[in-house]
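Printed here is final00.cif (mmCIF, N, CA and C atoms):
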```cif
data_upload
loop_
_atom_site.label_atom_id
_atom_site.label_comp_id
_atom_site.auth_asym_id
_atom_site.auth_seq_id
_atom_site.Cartn_x
_atom_site.Cartn_y
_atom_site.Cartn_z
N MET X 1 13.56 33.84 -18.49
CA MET X 1 12.22 33.47 -18.10
C MET X 1 12.16 31.95 -17.96
N ALA X 2 11.65 31.47 -16.85
CA ALA X 2 11.61 30.04 -16.59
C ALA X 2 10.42 29.41 -17.30
N LYS X 3 10.66 28.25 -17.88
CA LYS X 3 9.59 27.51 -18.54
C LYS X 3 8.98 26.56 -17.52
N SER X 4 7.65 26.49 -17.54
CA SER X 4 6.99 25.57 -16.63
C SER X 4 6.83 24.23 -17.33
N LYS X 5 7.05 23.17 -16.58
CA LYS X 5 6.90 21.82 -17.12
C LYS X 5 5.46 21.38 -16.95
N GLU X 6 4.91 20.80 -18.00
CA GLU X 6 3.57 20.25 -17.91
C GLU X 6 3.68 18.78 -17.52
N THR X 7 2.88 18.38 -16.56
CA THR X 7 2.90 16.98 -16.15
C THR X 7 1.57 16.36 -16.49
N ASN X 8 1.61 15.14 -16.93
CA ASN X 8 0.41 14.40 -17.24
C ASN X 8 0.05 13.58 -16.01
N THR X 9 -1.08 13.89 -15.39
CA THR X 9 -1.47 13.21 -14.16
C THR X 9 -1.98 11.80 -14.43
N ASN X 10 -2.26 11.46 -15.69
CA ASN X 10 -2.74 10.12 -16.01
C ASN X 10 -1.60 9.11 -16.09
N GLU X 11 -0.35 9.57 -16.19
CA GLU X 11 0.77 8.67 -16.28
C GLU X 11 1.09 8.11 -14.91
N GLN X 12 1.27 6.79 -14.86
CA GLN X 12 1.65 6.16 -13.61
C GLN X 12 3.15 5.91 -13.65
N PRO X 13 3.82 6.09 -12.52
CA PRO X 13 5.25 5.83 -12.52
C PRO X 13 5.51 4.35 -12.80
N THR X 14 6.56 4.07 -13.53
CA THR X 14 6.86 2.69 -13.85
C THR X 14 7.49 2.01 -12.65
N ALA X 15 7.03 0.81 -12.39
CA ALA X 15 7.56 0.04 -11.26
C ALA X 15 8.87 -0.61 -11.68
N PRO X 16 9.76 -0.79 -10.72
CA PRO X 16 11.02 -1.46 -11.05
C PRO X 16 10.75 -2.93 -11.41
N ALA X 17 11.62 -3.50 -12.18
CA ALA X 17 11.48 -4.91 -12.55
C ALA X 17 11.61 -5.79 -11.32
N VAL X 18 10.97 -6.93 -11.35
CA VAL X 18 10.98 -7.85 -10.21
C VAL X 18 12.42 -8.24 -9.88
N SER X 19 13.22 -8.54 -10.87
CA SER X 19 14.61 -8.94 -10.62
C SER X 19 15.41 -7.83 -9.95
N ASP X 20 15.10 -6.55 -10.29
CA ASP X 20 15.80 -5.43 -9.65
C ASP X 20 15.44 -5.34 -8.17
N VAL X 21 14.17 -5.54 -7.86
CA VAL X 21 13.73 -5.48 -6.46
C VAL X 21 14.40 -6.59 -5.66
N LEU X 22 14.41 -7.79 -6.22
CA LEU X 22 15.04 -8.91 -5.51
C LEU X 22 16.54 -8.70 -5.33
N GLU X 23 17.20 -8.14 -6.31
CA GLU X 23 18.64 -7.86 -6.18
C GLU X 23 18.90 -6.84 -5.09
N ASP X 24 18.06 -5.80 -5.00
CA ASP X 24 18.22 -4.80 -3.95
C ASP X 24 18.03 -5.41 -2.56
N LEU X 25 17.11 -6.35 -2.45
CA LEU X 25 16.83 -6.97 -1.16
C LEU X 25 17.91 -7.95 -0.72
N LYS X 26 18.63 -8.52 -1.67
CA LYS X 26 19.69 -9.47 -1.33
C LYS X 26 20.79 -8.82 -0.50
N ALA X 27 21.00 -7.53 -0.68
CA ALA X 27 22.06 -6.83 0.04
C ALA X 27 21.71 -6.61 1.51
N GLN X 28 20.44 -6.74 1.87
CA GLN X 28 20.03 -6.52 3.26
C GLN X 28 20.12 -7.82 4.04
N ASP X 29 20.26 -7.69 5.35
CA ASP X 29 20.44 -8.86 6.21
C ASP X 29 19.12 -9.21 6.89
N PHE X 30 18.29 -10.00 6.21
CA PHE X 30 17.01 -10.42 6.77
C PHE X 30 17.16 -11.78 7.44
N GLU X 31 16.39 -12.00 8.50
CA GLU X 31 16.37 -13.31 9.14
C GLU X 31 15.32 -14.20 8.49
N MET X 32 14.27 -13.59 7.94
CA MET X 32 13.21 -14.35 7.30
C MET X 32 12.58 -13.48 6.22
N VAL X 33 12.22 -14.09 5.12
CA VAL X 33 11.51 -13.37 4.07
C VAL X 33 10.35 -14.22 3.58
N VAL X 34 9.31 -13.53 3.15
CA VAL X 34 8.18 -14.15 2.48
C VAL X 34 8.00 -13.37 1.18
N VAL X 35 7.97 -14.10 0.08
CA VAL X 35 7.80 -13.47 -1.22
C VAL X 35 6.44 -13.89 -1.76
N VAL X 36 5.62 -12.91 -2.08
CA VAL X 36 4.31 -13.15 -2.67
C VAL X 36 4.33 -12.55 -4.06
N GLY X 37 3.96 -13.33 -5.05
CA GLY X 37 4.00 -12.82 -6.41
C GLY X 37 2.82 -13.29 -7.23
N LEU X 38 2.61 -12.57 -8.33
CA LEU X 38 1.57 -12.93 -9.29
C LEU X 38 2.24 -13.20 -10.63
N ASP X 39 1.80 -14.29 -11.28
CA ASP X 39 2.32 -14.54 -12.62
C ASP X 39 1.42 -13.84 -13.64
N LYS X 40 1.73 -13.99 -14.90
CA LYS X 40 0.98 -13.29 -15.95
C LYS X 40 -0.46 -13.76 -16.06
N LYS X 41 -0.74 -14.96 -15.56
CA LYS X 41 -2.11 -15.48 -15.59
C LYS X 41 -2.92 -15.06 -14.36
N GLY X 42 -2.26 -14.42 -13.40
CA GLY X 42 -2.95 -13.99 -12.18
C GLY X 42 -2.88 -14.98 -11.05
N ASN X 43 -2.11 -16.04 -11.21
CA ASN X 43 -1.95 -17.01 -10.14
C ASN X 43 -0.96 -16.49 -9.11
N ALA X 44 -1.31 -16.66 -7.84
CA ALA X 44 -0.45 -16.18 -6.76
C ALA X 44 0.49 -17.29 -6.31
N ALA X 45 1.68 -16.89 -5.93
CA ALA X 45 2.65 -17.83 -5.38
C ALA X 45 3.24 -17.21 -4.12
N VAL X 46 3.38 -18.05 -3.09
CA VAL X 46 3.97 -17.61 -1.82
C VAL X 46 5.16 -18.52 -1.52
N THR X 47 6.30 -17.91 -1.31
CA THR X 47 7.51 -18.65 -0.97
C THR X 47 8.12 -18.00 0.26
N ALA X 48 8.59 -18.82 1.19
CA ALA X 48 9.17 -18.29 2.42
C ALA X 48 10.49 -18.98 2.71
N SER X 49 11.36 -18.25 3.40
CA SER X 49 12.64 -18.82 3.80
C SER X 49 12.50 -19.70 5.03
N ASN X 50 11.41 -19.56 5.75
CA ASN X 50 11.12 -20.36 6.92
C ASN X 50 9.83 -21.13 6.63
N ASN X 51 9.87 -22.44 6.72
CA ASN X 51 8.69 -23.25 6.38
C ASN X 51 7.68 -23.38 7.51
N ALA X 52 7.91 -22.71 8.62
CA ALA X 52 6.96 -22.76 9.73
C ALA X 52 5.75 -21.89 9.38
N LEU X 53 4.64 -22.51 9.11
CA LEU X 53 3.44 -21.80 8.67
C LEU X 53 3.00 -20.69 9.64
N PRO X 54 3.05 -20.90 10.95
CA PRO X 54 2.67 -19.80 11.85
C PRO X 54 3.55 -18.56 11.67
N MET X 55 4.85 -18.77 11.46
CA MET X 55 5.76 -17.63 11.26
C MET X 55 5.45 -16.90 9.94
N VAL X 56 5.17 -17.67 8.90
CA VAL X 56 4.82 -17.08 7.61
C VAL X 56 3.53 -16.28 7.75
N HIS X 57 2.55 -16.85 8.41
CA HIS X 57 1.27 -16.17 8.62
C HIS X 57 1.47 -14.90 9.43
N TRP X 58 2.27 -14.96 10.48
CA TRP X 58 2.54 -13.79 11.30
C TRP X 58 3.21 -12.69 10.49
N LEU X 59 4.21 -13.07 9.67
CA LEU X 59 4.93 -12.07 8.88
C LEU X 59 4.02 -11.42 7.84
N LEU X 60 3.15 -12.20 7.22
CA LEU X 60 2.20 -11.61 6.26
C LEU X 60 1.25 -10.65 6.96
N ASN X 61 0.75 -11.02 8.13
CA ASN X 61 -0.13 -10.13 8.90
C ASN X 61 0.61 -8.87 9.33
N ARG X 62 1.85 -9.01 9.72
CA ARG X 62 2.65 -7.86 10.14
C ARG X 62 2.85 -6.91 8.96
N GLY X 63 3.09 -7.46 7.77
CA GLY X 63 3.24 -6.64 6.57
C GLY X 63 1.97 -5.87 6.26
N LEU X 64 0.83 -6.52 6.38
CA LEU X 64 -0.45 -5.83 6.15
C LEU X 64 -0.67 -4.73 7.17
N PHE X 65 -0.33 -5.00 8.42
CA PHE X 65 -0.47 -4.00 9.47
C PHE X 65 0.38 -2.78 9.16
N GLU X 66 1.64 -3.00 8.76
CA GLU X 66 2.54 -1.89 8.44
C GLU X 66 2.02 -1.10 7.25
N MET X 67 1.49 -1.78 6.24
CA MET X 67 0.94 -1.07 5.08
C MET X 67 -0.26 -0.24 5.47
N ASN X 68 -1.12 -0.77 6.35
CA ASN X 68 -2.28 -0.02 6.81
C ASN X 68 -1.87 1.22 7.60
N LEU X 69 -0.84 1.09 8.43
CA LEU X 69 -0.33 2.25 9.17
C LEU X 69 0.19 3.31 8.22
N PHE X 70 0.92 2.88 7.20
CA PHE X 70 1.46 3.81 6.21
C PHE X 70 0.32 4.54 5.50
N GLU X 71 -0.72 3.79 5.07
CA GLU X 71 -1.86 4.41 4.39
C GLU X 71 -2.58 5.38 5.32
N LYS X 72 -2.75 5.00 6.59
CA LYS X 72 -3.43 5.88 7.54
C LYS X 72 -2.64 7.17 7.73
N ASN X 73 -1.32 7.06 7.88
CA ASN X 73 -0.49 8.25 8.06
C ASN X 73 -0.52 9.13 6.82
N GLN X 74 -0.51 8.53 5.64
CA GLN X 74 -0.59 9.30 4.40
C GLN X 74 -1.93 10.02 4.31
N ARG X 75 -3.00 9.34 4.69
CA ARG X 75 -4.34 9.92 4.65
C ARG X 75 -4.45 11.07 5.63
N GLN X 76 -3.88 10.91 6.83
CA GLN X 76 -3.94 11.98 7.83
C GLN X 76 -3.16 13.20 7.37
N SER X 77 -1.99 12.99 6.79
CA SER X 77 -1.20 14.14 6.35
C SER X 77 -1.86 14.84 5.17
N SER X 78 -2.54 14.09 4.30
CA SER X 78 -3.22 14.73 3.18
C SER X 78 -4.49 15.44 3.65
N ASN X 79 -5.15 14.92 4.69
CA ASN X 79 -6.35 15.57 5.23
C ASN X 79 -6.01 16.90 5.89
N GLU X 80 -4.82 17.01 6.46
CA GLU X 80 -4.41 18.27 7.08
C GLU X 80 -4.24 19.36 6.03
N GLU X 81 -3.92 18.96 4.81
CA GLU X 81 -3.72 19.92 3.73
C GLU X 81 -5.00 20.24 2.97
N VAL X 82 -6.06 19.45 3.18
CA VAL X 82 -7.32 19.61 2.45
C VAL X 82 -8.15 20.71 3.09
N SER X 83 -8.75 21.54 2.27
CA SER X 83 -9.63 22.58 2.79
C SER X 83 -10.96 21.97 3.21
N PRO X 84 -11.75 22.64 4.06
CA PRO X 84 -13.03 22.09 4.50
C PRO X 84 -13.99 21.80 3.35
N LYS X 85 -13.97 22.61 2.30
CA LYS X 85 -14.86 22.39 1.17
C LYS X 85 -14.51 21.08 0.47
N GLU X 86 -13.22 20.80 0.30
CA GLU X 86 -12.78 19.56 -0.33
C GLU X 86 -13.04 18.37 0.58
N GLU X 87 -12.95 18.58 1.87
CA GLU X 87 -13.19 17.50 2.82
C GLU X 87 -14.62 17.00 2.72
N GLU X 88 -15.59 17.88 2.50
CA GLU X 88 -16.97 17.48 2.36
C GLU X 88 -17.17 16.63 1.11
N SER X 89 -16.44 16.91 0.04
CA SER X 89 -16.59 16.14 -1.19
C SER X 89 -16.02 14.74 -1.04
N ASN X 90 -15.12 14.52 -0.08
CA ASN X 90 -14.54 13.21 0.15
C ASN X 90 -15.29 12.42 1.23
N SER X 91 -16.50 12.82 1.55
CA SER X 91 -17.23 12.21 2.65
C SER X 91 -17.68 10.79 2.35
N GLU X 92 -17.60 10.33 1.11
CA GLU X 92 -18.01 8.96 0.81
C GLU X 92 -16.97 7.94 1.25
N ILE X 93 -15.79 8.37 1.65
CA ILE X 93 -14.77 7.45 2.11
C ILE X 93 -15.08 7.06 3.54
N ILE X 94 -15.17 5.78 3.80
CA ILE X 94 -15.49 5.28 5.13
C ILE X 94 -14.19 5.07 5.89
N THR X 95 -14.08 5.71 7.03
CA THR X 95 -12.92 5.58 7.89
C THR X 95 -13.38 4.99 9.22
N PRO X 96 -12.46 4.59 10.09
CA PRO X 96 -12.88 4.06 11.39
C PRO X 96 -13.71 5.06 12.19
N ASP X 97 -13.57 6.35 11.92
CA ASP X 97 -14.33 7.36 12.66
C ASP X 97 -15.68 7.69 12.00
N SER X 98 -15.97 7.08 10.84
CA SER X 98 -17.20 7.39 10.13
C SER X 98 -18.41 6.86 10.85
N GLU X 99 -19.48 7.60 10.80
CA GLU X 99 -20.74 7.15 11.35
C GLU X 99 -21.51 6.46 10.24
N ILE X 100 -21.91 5.23 10.48
CA ILE X 100 -22.65 4.47 9.48
C ILE X 100 -24.13 4.61 9.78
N ILE X 101 -24.86 5.14 8.82
CA ILE X 101 -26.28 5.39 8.99
C ILE X 101 -27.05 4.30 8.25
N THR X 102 -27.91 3.61 8.97
CA THR X 102 -28.72 2.56 8.35
C THR X 102 -30.18 2.95 8.44
N PRO X 103 -30.99 2.56 7.45
CA PRO X 103 -32.41 2.90 7.50
C PRO X 103 -33.12 2.10 8.60
N ASN X 104 -34.14 2.70 9.17
CA ASN X 104 -34.92 2.02 10.21
C ASN X 104 -35.77 0.93 9.57
N SER X 105 -35.83 -0.20 10.22
CA SER X 105 -36.60 -1.33 9.68
C SER X 105 -38.03 -1.26 10.12
#
```
Render the structure in this file as C-alpha cells.
Amino acid sequence: MAKSKETNTNEQPTAPAVSDVLEDLKAQDFEMVVVVGLDKKGNAAVTASNNALPMVHWLLNRGLFEMNLFEKNQRQSSNEEVSPKEEESNSEIITPDSEIITPNS
C-alpha cells in the first residue's frame, strides 16, 4: 500500500545562495551583465560589466519585459486549468483585458 506524502503549502522553497547563483553564471558566455542586489539593510546596488548607461538601462528594461512575458504565460496556462467557478472568484485581479468601471461624476 502506497503512503501519501503530506506537503505543507506554507513552506517556501529555499533560494540558492547568492554565491552559488554567481558561480553558475560564470560558466556561461555573456557579453554583458547587470547585477542588481539588496543588502541586509534593504539598500539596492547595481553593477554592470558595461558602463554605458543606455545599455544598462536597455538591459534592465529587457529583463523586466522577459519577466512580464513569463508571468503572463504562467497566468494563461493556469487560467486554462481553472474552472469557471474559480475564475469568478479571481475577478479582482486586473489584467490588460479587464474593464475598469468608474462611478459617474
Query raised in the report: Skipping near chain neighbours, those fewer than 6 positions away, what residues fall within 8 Å of Val35 (chain X) using only C-alpha atoms, listed as a list in words?
Result: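 Residues near the query, excluding close chain neighbours: Ala45, Val46, Thr47 and Ala48 of chain X.
Computed from the coordinates, the CA of Gly63 (chain X) to atom N of Val33 (chain X) distance equals 11.8 Å.
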Padding 5 Å on each side, edges along x, y and z: where is the centre of the box around the listed atoms of region 16-27 of chain X, and how long are its edges in Å to one decimal? Output it as AutoDock Vina command-line options.
```
--center_x 15.9 --center_y -5.1 --center_z -5.5 --size_x 22.3 --size_y 18.7 --size_z 24.1
```
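With CA of Ser49 (chain X) on one side and atom C of Met32 (chain X) on the other, the separation reads 5.9 Å.
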Query - d(atom C of Phe65 (chain X), CA of Ala15 (chain X)) in Å - result: 21.8 Å
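When DSSP reads the backbone of this structure, the residues of region 17-87 of chain X it assigns to strand (DSSP E) are Val34, Val35, Val36, Gly37, Leu38, Ala44, Ala45, Val46, Thr47 and Ala48 of chain X.
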